[in-house]
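Colleague: Please find my_file31.cif (mmCIF, C-alpha atoms and all ligand atoms) on the next line:
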data_my_file
loop_
_atom_site.label_atom_id
_atom_site.label_comp_id
_atom_site.auth_asym_id
_atom_site.auth_seq_id
_atom_site.Cartn_x
_atom_site.Cartn_y
_atom_site.Cartn_z
CA MET U 219 19.74 -22.85 -1.86
CA ARG U 220 21.53 -25.82 -3.52
CA LEU U 221 21.89 -24.04 -6.82
CA ALA U 222 22.67 -20.68 -5.26
CA LEU U 223 25.64 -22.21 -3.42
CA LEU U 224 26.84 -24.05 -6.53
CA VAL U 225 26.71 -20.91 -8.66
CA LEU U 226 28.52 -18.86 -6.01
CA LEU U 227 31.27 -21.50 -6.01
CA SER U 228 31.70 -21.14 -9.77
CA ARG U 229 33.43 -17.85 -8.90
CA GLY U 230 36.14 -19.74 -6.98
CA PRO U 231 36.68 -21.86 -3.84
CA ALA U 232 35.08 -20.68 -0.59
CA HIS U 233 34.13 -21.93 2.86
CA GLY U 234 30.66 -22.19 4.33
CA TYR U 235 30.64 -18.95 6.24
CA GLU U 236 31.86 -16.95 3.23
CA LEU U 237 29.05 -18.43 1.16
CA LYS U 238 26.45 -17.52 3.76
CA GLN U 239 27.72 -13.94 3.79
CA ALA U 240 27.75 -13.74 0.00
CA LEU U 241 24.11 -14.89 -0.10
CA GLU U 242 23.12 -12.30 2.50
CA ARG U 243 24.88 -9.51 0.68
CA LEU U 244 23.26 -10.46 -2.59
CA MET U 245 19.69 -10.86 -1.36
CA GLY U 246 19.52 -8.19 1.34
CA ALA U 247 16.29 -7.85 3.28
CA ALA U 248 14.17 -9.37 0.51
CA TYR U 249 15.24 -12.83 1.55
CA PRO U 250 15.07 -14.57 4.90
CA GLN U 251 18.59 -14.77 6.32
CA PRO U 252 20.10 -18.14 5.44
CA ASN U 253 20.84 -20.22 8.49
CA ILE U 254 24.49 -21.29 8.77
CA GLY U 255 23.47 -24.83 9.73
CA GLN U 256 21.37 -25.08 6.59
CA VAL U 257 24.33 -23.90 4.53
CA TYR U 258 26.62 -26.59 6.02
CA VAL U 259 24.04 -29.35 5.56
CA THR U 260 23.48 -28.34 1.95
CA LEU U 261 27.23 -28.22 1.30
CA SER U 262 27.71 -31.73 2.67
CA ARG U 263 24.88 -33.02 0.48
CA LEU U 264 26.44 -31.37 -2.55
CA GLU U 265 29.75 -32.99 -1.63
CA ASN U 266 28.13 -36.43 -1.29
CA ALA U 267 26.64 -35.90 -4.74
CA HIS U 268 30.18 -35.14 -6.06
CA LEU U 269 29.11 -31.71 -7.28
CA ILE U 270 31.70 -30.07 -5.01
CA ASP U 271 34.94 -31.18 -3.31
CA GLY U 272 35.76 -30.19 0.24
CA GLU U 273 39.24 -29.90 1.67
CA ASP U 274 40.15 -29.20 5.30
CA VAL U 275 42.57 -26.35 5.84
CA ALA U 276 44.36 -26.09 9.18
CA GLN U 277 44.08 -22.80 11.07
CA SER U 278 46.53 -21.90 13.81
CA SER U 279 44.23 -21.05 16.71
CA ARG U 280 40.87 -22.33 15.50
CA PRO U 281 39.37 -25.58 14.29
CA ASN U 282 40.02 -26.57 10.66
CA LYS U 283 37.86 -24.94 8.05
CA ARG U 284 36.60 -26.75 5.02
CA ILE U 285 37.12 -25.08 1.66
CA TYR U 286 34.86 -26.17 -1.15
CA ARG U 287 35.42 -26.06 -4.89
CA LEU U 288 33.18 -26.94 -7.81
CA THR U 289 33.80 -30.31 -9.56
CA GLU U 290 33.36 -30.84 -13.30
CA ALA U 291 29.91 -32.35 -12.58
CA GLY U 292 29.10 -29.29 -10.47
CA ARG U 293 30.07 -27.00 -13.33
CA GLU U 294 27.74 -28.93 -15.62
CA ALA U 295 24.93 -28.71 -13.07
CA VAL U 296 25.36 -24.92 -12.99
CA ALA U 297 25.33 -24.65 -16.80
CA GLY U 298 22.30 -26.98 -16.96
CA TRP U 299 20.42 -24.88 -14.41
CA PHE U 300 20.91 -21.66 -16.37
CA GLU U 301 19.89 -23.52 -19.53
CA GLU U 302 16.59 -24.77 -18.05
CA PRO U 303 13.53 -22.70 -18.89
CA VAL U 304 11.89 -21.10 -15.86
CA GLU U 305 8.18 -21.63 -15.47
CA PRO U 306 6.46 -18.33 -14.72
CA LYS U 307 4.41 -18.31 -11.52
CA LEU U 308 1.05 -19.10 -13.06
CA ARG U 309 -0.30 -22.01 -11.11
CA ASP U 310 -2.53 -20.83 -8.35
CA ASP U 311 -3.73 -23.06 -5.54
CA PHE U 312 -6.32 -20.46 -4.61
CA PHE U 313 -7.94 -20.79 -8.00
CA MET U 314 -8.49 -24.51 -7.35
CA LYS U 315 -10.33 -23.69 -4.12
CA LEU U 316 -12.42 -21.03 -5.79
CA ALA U 317 -13.30 -23.19 -8.78
CA LEU U 318 -14.37 -26.08 -6.55
CA ALA U 319 -16.31 -23.85 -4.16
CA HIS U 320 -18.08 -22.38 -7.19
CA GLU U 321 -18.87 -25.80 -8.59
CA THR U 322 -20.00 -27.56 -5.42
CA GLY U 323 -21.01 -24.87 -2.94
CA ALA U 324 -18.78 -26.63 -0.39
CA ALA U 325 -17.53 -23.20 0.74
CA ASP U 326 -18.78 -19.64 0.26
CA GLN U 327 -16.89 -18.26 -2.73
CA ILE U 328 -17.24 -14.59 -1.77
CA ALA U 329 -15.94 -15.35 1.72
CA LEU U 330 -13.01 -17.16 0.10
CA ILE U 331 -12.26 -14.16 -2.11
CA ASN U 332 -12.48 -11.75 0.83
CA LYS U 333 -10.18 -13.89 2.93
CA HIS U 334 -7.63 -14.19 0.16
CA ARG U 335 -7.80 -10.44 -0.48
CA ARG U 336 -7.01 -9.76 3.16
CA TYR U 337 -4.06 -12.08 2.97
CA CYS U 338 -2.74 -10.38 -0.17
CA LEU U 339 -3.26 -6.88 1.28
CA ASN U 340 -1.35 -7.82 4.41
CA ALA U 341 1.48 -9.26 2.35
CA MET U 342 1.49 -6.11 0.23
CA ARG U 343 1.75 -3.98 3.33
CA ASP U 344 4.65 -6.05 4.65
CA LEU U 345 6.45 -5.72 1.34
CA SER U 346 5.96 -1.92 1.30
CA LYS U 347 7.47 -1.75 4.77
CA LEU U 348 10.31 -4.04 3.77
CA ALA U 349 11.04 -1.91 0.69
CA ALA U 350 11.04 1.24 2.82
CA ALA U 351 13.37 -0.32 5.39
CA GLU U 352 15.80 -1.79 2.86
CA ASP U 353 18.71 0.20 1.50
CA ARG U 354 17.45 2.13 -1.58
CA ASP U 355 20.67 1.30 -3.40
CA HIS U 356 20.38 -2.45 -2.93
CA ARG U 357 19.06 -2.98 -6.42
CA ILE U 358 18.67 -6.77 -6.37
CA SER U 359 16.74 -6.70 -3.11
CA GLN U 360 14.54 -3.78 -4.21
CA LEU U 361 13.80 -5.49 -7.51
CA MET U 362 12.81 -8.74 -5.80
CA ILE U 363 10.43 -6.87 -3.51
CA GLU U 364 8.98 -4.90 -6.40
CA GLY U 365 8.46 -8.10 -8.38
CA ALA U 366 6.59 -9.67 -5.47
CA MET U 367 4.44 -6.54 -5.14
CA LEU U 368 3.54 -6.57 -8.81
CA HIS U 369 2.48 -10.21 -8.52
CA LEU U 370 0.27 -9.36 -5.56
CA GLN U 371 -1.14 -6.38 -7.41
CA ALA U 372 -2.09 -8.68 -10.28
CA ASP U 373 -3.63 -11.19 -7.85
CA LEU U 374 -5.69 -8.43 -6.24
CA ASP U 375 -6.87 -7.08 -9.60
CA TRP U 376 -7.82 -10.59 -10.59
CA LEU U 377 -9.74 -11.08 -7.31
CA GLU U 378 -11.77 -8.00 -8.26
CA ARG U 379 -12.59 -9.66 -11.56
CA CYS U 380 -13.63 -12.86 -9.76
CA GLN U 381 -15.85 -10.87 -7.44
CA GLU U 382 -17.48 -9.01 -10.33
CA GLU U 383 -18.14 -12.22 -12.24
CA LEU U 384 -19.21 -14.49 -9.41
CA GLU U 385 -21.26 -12.21 -7.18
CA MET H 118 -27.41 18.08 16.28
CA SER H 119 -28.75 14.70 17.14
CA PRO H 120 -27.44 12.54 19.99
CA ASP H 121 -25.19 9.72 18.93
CA THR H 122 -26.80 6.49 20.04
CA SER H 123 -24.29 4.06 18.55
CA PRO H 124 -22.34 1.89 20.98
CA SER H 125 -18.98 3.61 20.59
CA ALA H 126 -16.35 3.86 23.30
CA PRO H 127 -17.45 6.16 26.12
CA GLY H 128 -16.33 9.73 25.61
CA SER H 129 -15.16 9.23 22.04
CA GLN H 130 -17.16 10.17 18.98
CA PRO H 131 -16.40 8.52 15.68
CA MET H 132 -14.74 10.98 13.30
CA VAL H 133 -17.05 9.80 10.55
CA LYS H 134 -20.30 7.98 10.96
CA ALA H 135 -22.65 7.29 8.08
CA LEU H 136 -25.82 5.23 8.06
CA GLY H 137 -27.78 4.02 5.06
CA LEU H 138 -26.17 6.29 2.48
CA VAL H 139 -27.78 6.06 -0.96
CA LYS H 140 -26.93 8.06 -4.07
CA THR H 141 -28.35 7.45 -7.53
CA TYR H 142 -27.37 9.54 -10.55
CA LYS H 143 -29.70 9.99 -13.45
CA ALA H 144 -28.08 10.84 -16.75
CA GLU H 145 -30.14 10.89 -19.94
CA GLY H 146 -32.87 8.81 -18.35
CA VAL H 147 -30.39 6.10 -17.26
CA GLU H 148 -30.00 5.50 -13.55
CA ALA H 149 -26.58 4.81 -12.04
CA LYS H 150 -26.87 3.51 -8.49
CA ALA H 151 -23.50 4.80 -7.34
CA VAL H 152 -23.89 4.20 -3.58
CA ARG H 153 -26.43 1.64 -2.43
CA GLY H 154 -26.86 1.66 1.31
CA VAL H 155 -23.51 2.27 2.99
CA ASP H 156 -22.81 2.31 6.73
CA LEU H 157 -19.41 3.55 7.76
CA HIS H 158 -17.53 4.30 10.98
CA VAL H 159 -14.11 5.88 11.10
CA GLU H 160 -12.55 6.47 14.50
CA PRO H 161 -10.35 9.49 15.27
CA GLY H 162 -6.76 8.79 14.22
CA GLU H 163 -7.65 5.97 11.85
CA PHE H 164 -6.17 5.67 8.36
CA VAL H 165 -8.78 3.90 6.25
CA SER H 166 -8.72 3.18 2.56
CA VAL H 167 -11.67 2.34 0.36
CA THR H 168 -10.68 0.28 -2.64
CA GLY H 169 -12.50 -1.32 -5.53
CA PRO H 170 -12.74 -1.24 -9.32
CA SER H 171 -13.44 1.84 -11.36
CA GLY H 172 -17.12 2.75 -11.27
CA ALA H 173 -17.69 1.06 -7.89
CA GLY H 174 -18.85 4.36 -6.37
CA LYS H 175 -15.75 5.26 -4.33
CA SER H 176 -15.57 8.88 -5.44
CA THR H 177 -19.29 9.31 -4.92
CA LEU H 178 -18.94 8.06 -1.34
CA LEU H 179 -16.08 10.47 -0.69
CA HIS H 180 -18.05 13.34 -2.22
CA LEU H 181 -21.00 12.57 0.05
CA LEU H 182 -18.74 12.58 3.11
CA GLY H 183 -17.16 15.89 2.07
CA GLY H 184 -20.50 17.51 1.30
CA LEU H 185 -19.58 17.94 -2.36
CA ASP H 186 -22.67 15.93 -3.26
CA ARG H 187 -25.91 15.20 -1.38
CA PRO H 188 -27.20 11.71 -0.57
CA ASP H 189 -30.72 10.73 -1.70
CA SER H 190 -31.11 9.23 1.74
CA GLY H 191 -29.00 8.34 4.75
CA ARG H 192 -27.37 10.25 7.55
CA ILE H 193 -23.83 11.52 8.15
CA TRP H 194 -22.12 12.65 11.34
CA LEU H 195 -18.68 14.22 11.35
CA ASP H 196 -16.95 14.37 14.68
CA GLY H 197 -20.27 13.82 16.44
CA ARG H 198 -22.16 16.47 14.53
CA GLN H 199 -24.97 15.55 12.15
CA VAL H 200 -24.18 17.22 8.85
CA ASP H 201 -26.43 15.69 6.18
CA SER H 202 -28.96 18.49 6.39
CA LEU H 203 -26.48 21.38 6.44
CA SER H 204 -26.91 24.16 3.91
CA GLU H 205 -24.41 24.63 1.09
CA ALA H 206 -22.88 27.59 2.92
CA ARG H 207 -22.51 25.62 6.16
CA TRP H 208 -20.79 22.79 4.30
CA ALA H 209 -18.39 25.29 2.77
CA VAL H 210 -17.45 26.53 6.23
CA LEU H 211 -17.04 22.98 7.47
CA ARG H 212 -14.76 22.09 4.57
CA ARG H 213 -12.67 25.17 5.19
CA ARG H 214 -12.20 24.45 8.90
CA SER H 215 -12.52 20.73 9.48
CA ILE H 216 -12.15 18.73 6.28
CA GLY H 217 -9.15 18.74 3.96
CA ILE H 218 -9.59 17.21 0.52
CA VAL H 219 -7.07 16.15 -2.12
CA PHE H 220 -7.97 14.87 -5.57
CA GLN H 221 -6.26 13.04 -8.38
CA PHE H 222 -5.81 16.28 -10.29
CA PHE H 223 -4.28 18.78 -7.98
CA ASN H 224 -6.69 21.66 -8.68
CA LEU H 225 -4.16 24.32 -7.74
CA VAL H 226 -4.83 27.95 -8.66
CA SER H 227 -2.60 28.26 -11.71
CA ASN H 228 -1.83 31.98 -11.45
CA LEU H 229 -0.87 31.89 -7.75
CA THR H 230 2.52 30.88 -6.40
CA VAL H 231 2.96 27.72 -4.35
CA ALA H 232 3.01 29.71 -1.10
CA ASP H 233 -0.10 31.70 -2.07
CA ASN H 234 -1.96 28.51 -2.97
CA ILE H 235 -1.23 27.13 0.48
CA GLU H 236 -2.04 30.35 2.34
CA LEU H 237 -5.31 31.01 0.53
CA PRO H 238 -7.49 28.56 2.51
CA ALA H 239 -5.95 29.82 5.77
CA LEU H 240 -6.87 33.40 4.87
CA LEU H 241 -10.36 32.29 3.79
CA ALA H 242 -10.79 30.60 7.16
CA GLY H 243 -10.10 33.91 8.86
CA LYS H 244 -6.45 33.60 9.87
CA SER H 245 -4.29 36.69 9.84
CA PRO H 246 -1.75 36.99 6.99
CA ARG H 247 1.00 36.40 9.53
CA GLN H 248 -0.64 33.22 10.89
CA ALA H 249 -1.26 32.00 7.35
CA ARG H 250 2.39 32.64 6.47
CA THR H 251 3.61 30.74 9.54
CA SER H 252 1.42 27.69 8.86
CA CYS H 253 2.45 27.74 5.22
CA GLU H 254 6.16 27.87 6.06
CA GLU H 255 5.80 24.93 8.44
CA LEU H 256 4.17 22.83 5.76
CA LEU H 257 6.66 23.85 3.09
CA THR H 258 9.45 22.56 5.33
CA GLU H 259 7.52 19.45 6.26
CA LEU H 260 6.89 18.60 2.62
CA SER H 261 10.39 19.58 1.38
CA LEU H 262 8.98 22.36 -0.78
CA GLU H 263 10.91 25.33 0.69
CA ALA H 264 12.79 25.92 -2.54
CA LYS H 265 9.54 26.02 -4.51
CA ARG H 266 7.64 28.61 -2.48
CA ARG H 267 7.76 31.21 -5.28
CA SER H 268 7.23 28.77 -8.14
CA MET H 269 4.04 28.63 -10.15
CA PRO H 270 2.17 25.28 -10.18
CA SER H 271 2.98 24.72 -13.88
CA GLU H 272 6.70 24.77 -13.04
CA LEU H 273 6.36 21.76 -10.71
CA SER H 274 6.36 18.00 -11.30
CA GLY H 275 3.14 16.10 -10.64
CA GLY H 276 4.49 14.79 -7.35
CA GLU H 277 5.41 18.32 -6.24
CA GLN H 278 2.00 19.68 -7.25
CA GLN H 279 0.31 16.95 -5.22
CA ARG H 280 2.47 17.84 -2.22
CA VAL H 281 1.33 21.46 -2.57
CA ALA H 282 -2.28 20.25 -2.78
CA LEU H 283 -1.67 18.23 0.39
CA ALA H 284 -0.22 21.28 2.16
CA ARG H 285 -3.23 23.32 1.08
CA ALA H 286 -5.58 20.63 2.41
CA LEU H 287 -3.76 20.49 5.74
CA VAL H 288 -3.08 24.18 6.37
CA ASN H 289 -6.13 24.65 8.60
CA HIS H 290 -5.36 21.47 10.58
CA PRO H 291 -8.56 19.69 9.52
CA ARG H 292 -9.92 16.94 11.76
CA LEU H 293 -10.44 14.77 8.68
CA LEU H 294 -8.43 14.40 5.49
CA LEU H 295 -10.24 12.97 2.46
CA ALA H 296 -8.14 11.83 -0.51
CA ASP H 297 -9.55 10.66 -3.84
CA GLU H 298 -6.97 8.75 -5.93
CA PRO H 299 -4.20 11.10 -4.74
CA THR H 300 -1.58 9.07 -6.63
CA GLY H 301 -3.73 8.56 -9.72
CA SER H 302 -1.75 10.85 -11.98
CA LEU H 303 1.70 10.32 -10.48
CA ASP H 304 4.58 8.08 -11.50
CA SER H 305 5.76 5.44 -9.04
CA LYS H 306 8.30 7.73 -7.40
CA GLY H 307 5.74 10.52 -6.93
CA SER H 308 3.21 7.99 -5.60
CA ARG H 309 5.63 6.60 -3.05
CA GLU H 310 6.48 10.10 -1.88
CA VAL H 311 2.84 11.11 -1.42
CA MET H 312 1.99 7.86 0.39
CA ARG H 313 5.00 8.26 2.66
CA LEU H 314 3.76 11.73 3.59
CA LEU H 315 0.22 10.52 4.24
CA SER H 316 1.63 7.82 6.53
CA ARG H 317 3.69 10.39 8.36
CA PHE H 318 0.71 12.67 8.96
CA HIS H 319 -1.30 9.67 10.08
CA GLN H 320 1.40 8.74 12.59
CA ARG H 321 0.98 12.19 14.10
CA GLY H 322 -2.72 11.59 14.59
CA GLN H 323 -4.30 12.76 11.33
CA THR H 324 -7.51 10.88 10.49
CA ILE H 325 -7.44 9.92 6.82
CA LEU H 326 -9.98 8.38 4.48
CA LEU H 327 -8.43 7.51 1.14
CA VAL H 328 -10.17 6.08 -1.90
CA THR H 329 -8.15 4.34 -4.57
CA HIS H 330 -8.43 1.56 -7.14
CA ASP H 331 -4.76 0.75 -6.49
CA ALA H 332 -4.28 -2.09 -4.02
CA ARG H 333 -0.70 -1.13 -3.41
CA VAL H 334 -1.74 2.36 -2.33
CA ALA H 335 -4.68 0.99 -0.32
CA SER H 336 -2.44 -1.32 1.69
CA THR H 337 -0.64 1.67 3.21
CA ALA H 338 -3.70 2.21 5.42
CA ASP H 339 -4.42 0.34 8.66
CA ARG H 340 -7.84 -0.69 7.48
CA VAL H 341 -9.06 -1.48 3.99
CA ILE H 342 -12.70 -1.40 2.97
CA SER H 343 -13.51 -3.21 -0.26
CA PHE H 344 -16.19 -1.53 -2.28
CA PHE H 345 -18.13 -3.12 -5.11
CA ASP H 346 -21.12 -1.91 -6.97
CA GLY H 347 -21.98 0.79 -4.43
CA GLN H 348 -21.67 -1.46 -1.40
CA VAL H 349 -19.12 -2.46 1.22
CA VAL H 350 -18.21 -6.13 0.68
CA ASP H 351 -15.36 -6.42 3.14
CA ASP H 352 -13.78 -4.38 5.90
CA ALA H 353 -10.36 -5.61 7.00
CA VAL H 354 -7.92 -4.38 9.61
CA LEU H 355 -4.42 -4.96 8.28
CA GLY H 356 -1.81 -6.41 10.58
CA GLY H 357 -4.66 -7.83 12.71
CA PRO H 358 -4.88 -11.26 14.31
CA GLU H 359 -5.54 -13.06 11.01
CA HIS H 360 -2.33 -11.67 9.65
CA VAL H 361 0.49 -14.13 9.07
CA PRO H 362 3.73 -12.28 9.81
CA SER H 363 5.91 -14.66 7.82
CA SER H 364 4.17 -13.80 4.55
CA VAL H 365 7.09 -11.82 3.22
CA ALA H 366 9.40 -14.75 3.62
CA ASP H 367 6.72 -17.04 2.19
CA ILE H 368 6.35 -15.03 -0.97
CA LEU H 369 10.06 -14.85 -1.57
CA LYS H 370 10.86 -18.32 -0.35
CA LEU H 371 13.77 -19.93 -2.13
CA ARG H 372 13.36 -23.62 -2.75
CA ASP H 373 15.84 -26.00 -1.19
N1 LIG W 401 -21.97 13.30 -11.73
C1 LIG W 401 -22.39 12.11 -12.17
N2 LIG W 401 -23.43 12.00 -13.04
C2 LIG W 401 -23.85 10.82 -13.47
N3 LIG W 401 -23.32 9.64 -13.11
C3 LIG W 401 -22.28 9.66 -12.27
C4 LIG W 401 -21.76 10.88 -11.75
N4 LIG W 401 -20.72 10.60 -10.94
C5 LIG W 401 -20.60 9.26 -10.94
N5 LIG W 401 -21.53 8.68 -11.74
C6 LIG W 401 -21.72 7.24 -11.94
O1 LIG W 401 -21.76 6.62 -10.67
C7 LIG W 401 -21.04 5.40 -10.67
C8 LIG W 401 -19.95 5.46 -9.63
O2 LIG W 401 -18.97 6.40 -10.02
P1 LIG W 401 -17.75 6.83 -9.12
O3 LIG W 401 -18.24 7.17 -7.76
O4 LIG W 401 -16.99 7.88 -9.85
O5 LIG W 401 -16.91 5.48 -9.05
P2 LIG W 401 -15.34 5.24 -8.71
O6 LIG W 401 -14.80 6.46 -8.07
O7 LIG W 401 -15.34 4.04 -7.83
O8 LIG W 401 -14.67 4.94 -10.01
C9 LIG W 401 -20.56 5.19 -12.08
O9 LIG W 401 -21.47 4.39 -12.74
C10 LIG W 401 -20.55 6.59 -12.65
O10 LIG W 401 -20.75 6.56 -14.03
MG MG W 402 -13.19 7.70 -8.60
#
Transcribe the structure of this file into structure tokens.

Modeller:
Amino acid sequence: MRLALLVLLSRGPAHGYELKQALERLMGAAYPQPNIGQVYVTLSRLENAHLIDGEDVAQSSRPNKRIYRLTEAGREAVAGWFEEPVEPKLRDDFFMKLALAHETGAADQIALINKHRRYCLNAMRDLSKLAAAEDRDHRISQLMIEGAMLHLQADLDWLERCQEELE
Amino acid sequence: MSPDTSPSAPGSQPMVKALGLVKTYKAEGVEAKAVRGVDLHVEPGEFVSVTGPSGAGKSTLLHLLGGLDRPDSGRIWLDGRQVDSLSEARWAVLRRRSIGIVFQFFNLVSNLTVADNIELPALLAGKSPRQARTSCEELLTELSLEAKRRSMPSELSGGEQQRVALARALVNHPRLLLADEPTGSLDSKGSREVMRLLSRFHQRGQTILLVTHDARVASTADRVISFFDGQVVDDAVLGGPEHVPSSVADILKLRD
């Protein structure tokens, strides 16, 4: 969330609640709703790190609200983040379990595969439901869900390969 | 008919029960053991998918259950009735009245209109033309095909043709719907549409057994049977107690 908040602030100053709403609008149902407390905590950490500046603005009938803006260091952090290569999701903790079960017999490898398949199928089902419930026109959210489904599909195809090879 | 001795709930027969099914094909002297000892129970109202790689024997299993092929050994009960020793003609009657089947390729009659394709099995089952017309109209509405009733199959998209095939399979209100790779020749939009319709019919009580190599399609069902090399290797109820409801959030978790 750190980077998401920083990048949203590169558009212009905003307060915590506005940022939470912007995140929700962007991510839709594909993303667990950000908690406002988490947003405030993250903002104060970013401020302590001098990546953003906060300024209290008085409101007539309510408590002050704190408006944040990006600092020069914050701007660099944003540029640096976009510059960084993104590692594709290739590492797989399940593969470690399977490899070691295969090597040592410490667990039944077919049982491991079956259990993992169930987990993936359940996740797939949840994602299908989520996609059906989400607004068709929310493209970012639909694309995130579709991406997750394609990953699961690949995992499930690969589990079939494991089963064929190891059984 | 043979009495059902399995310990099922009192008063309820499984919709499908199979014990010890075996089917071996021999082609040019080479044996293919397509189904190697399968036991299966499907309760009324269940939506079950059978998934596994190509060549696992899924279609063979479905063909055995629909009487399109005969097992070498093993027994099959449909809705409490033992059917493995029925004659060809008896199976044909059973398929007309009690089993709907859809395939990957829609197998519509190319020189009949959409409406005639749907009405044909109703007429063959002995309904009056008026009854057939009424059932057909209901399904056309249900499947959003009203505007296509006079079209020929070749004028329809793949997704539309599969919806017609589904209407044809359901027109006699079969107790059991069998589907073999029903999304196999559809694009993703057509697939979603067909799966949405299957879910909807299931919610109204239709018992469905679907075979597919596509995990995404399989996960639409409430129960997924994994099939490998002619055998059941896993049988999982989705959304059951092992299920972790937060998985969606887990998969899409943003790092702090
Ligand atoms: N009519 C047939 N004649 C000979 N072999 C067949 C026939 N039908 C299927 N097989 C063989 O049986 C095995 C299982 O096939 P099938 O049931 O079509 O698998 P799936 O539907 O899972 O892809 C394969 O090895 C296939 O080649
Ligand atoms: Mg097949």

Colleague: At a cut-off of 12 Å and counting all atoms listed in the file, what residues surround ligand LIG 401 (chain W)? Please answer as a PyMOL selection string.

Modeller: chain H and resi 139-153+167-181+185-187+220-221+296-298+301+327-331+343-349

Colleague: Taking only C-alpha atoms into account, report as a ChimeraX atom specification which residues of chain U lie within 6 Å of chain H.

Modeller: /U:219,250,339-341,343

Colleague: If you count all atoms listed in the file, which residues fall within 7 Å of segment 229-234 of chain H, apart from same-chain ones fewer than 5 positions away, as a list in words?

Modeller: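 Result of the neighbour search: Cys253, Lys265, Arg266, Arg267, Ser268, Met269, Pro270, Val281 and Arg285 of chain H.
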
Colleague: How many Å separate atom CA of Leu318 of chain U from atom CA of Val304 of chain U?

Modeller: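 Straight-line distance from atom CA of Leu318 of chain U to atom CA of Val304 of chain U works out to 28.3 Å.
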
Colleague: Identify which of the residues U:Leu384, U:Met367, U:Ile358, U:Leu308 lies closest to Glu321 of chain U, counting only C-alpha atoms when measuring atom-to-atom distances.

Modeller: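 Among the listed residues, U:Leu384 lies closest to Glu321 of chain U.
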
Colleague: Could you check how far atom CA of Ser308 of chain H sits from atom CA of Ser346 of chain U, in Å to one decimal?

Modeller: 12.4 Å

Colleague: From the list H:Asp189, H:Leu195, H:Ser227, H:Ala242, which residue is nearest Ala209 of chain H when using only C-alpha atoms?

Modeller: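 Smallest distance to Ala209 of chain H is found for H:Ala242.
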
Colleague: Ranking U:Leu368, U:Ile270, U:Ala240, U:Cys338 by minimum distance to Ala295 of chain U and counting all atoms listed in the file, which one comes first?

Modeller: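 Closest to Ala295 of chain U of all the choices is U:Ile270.
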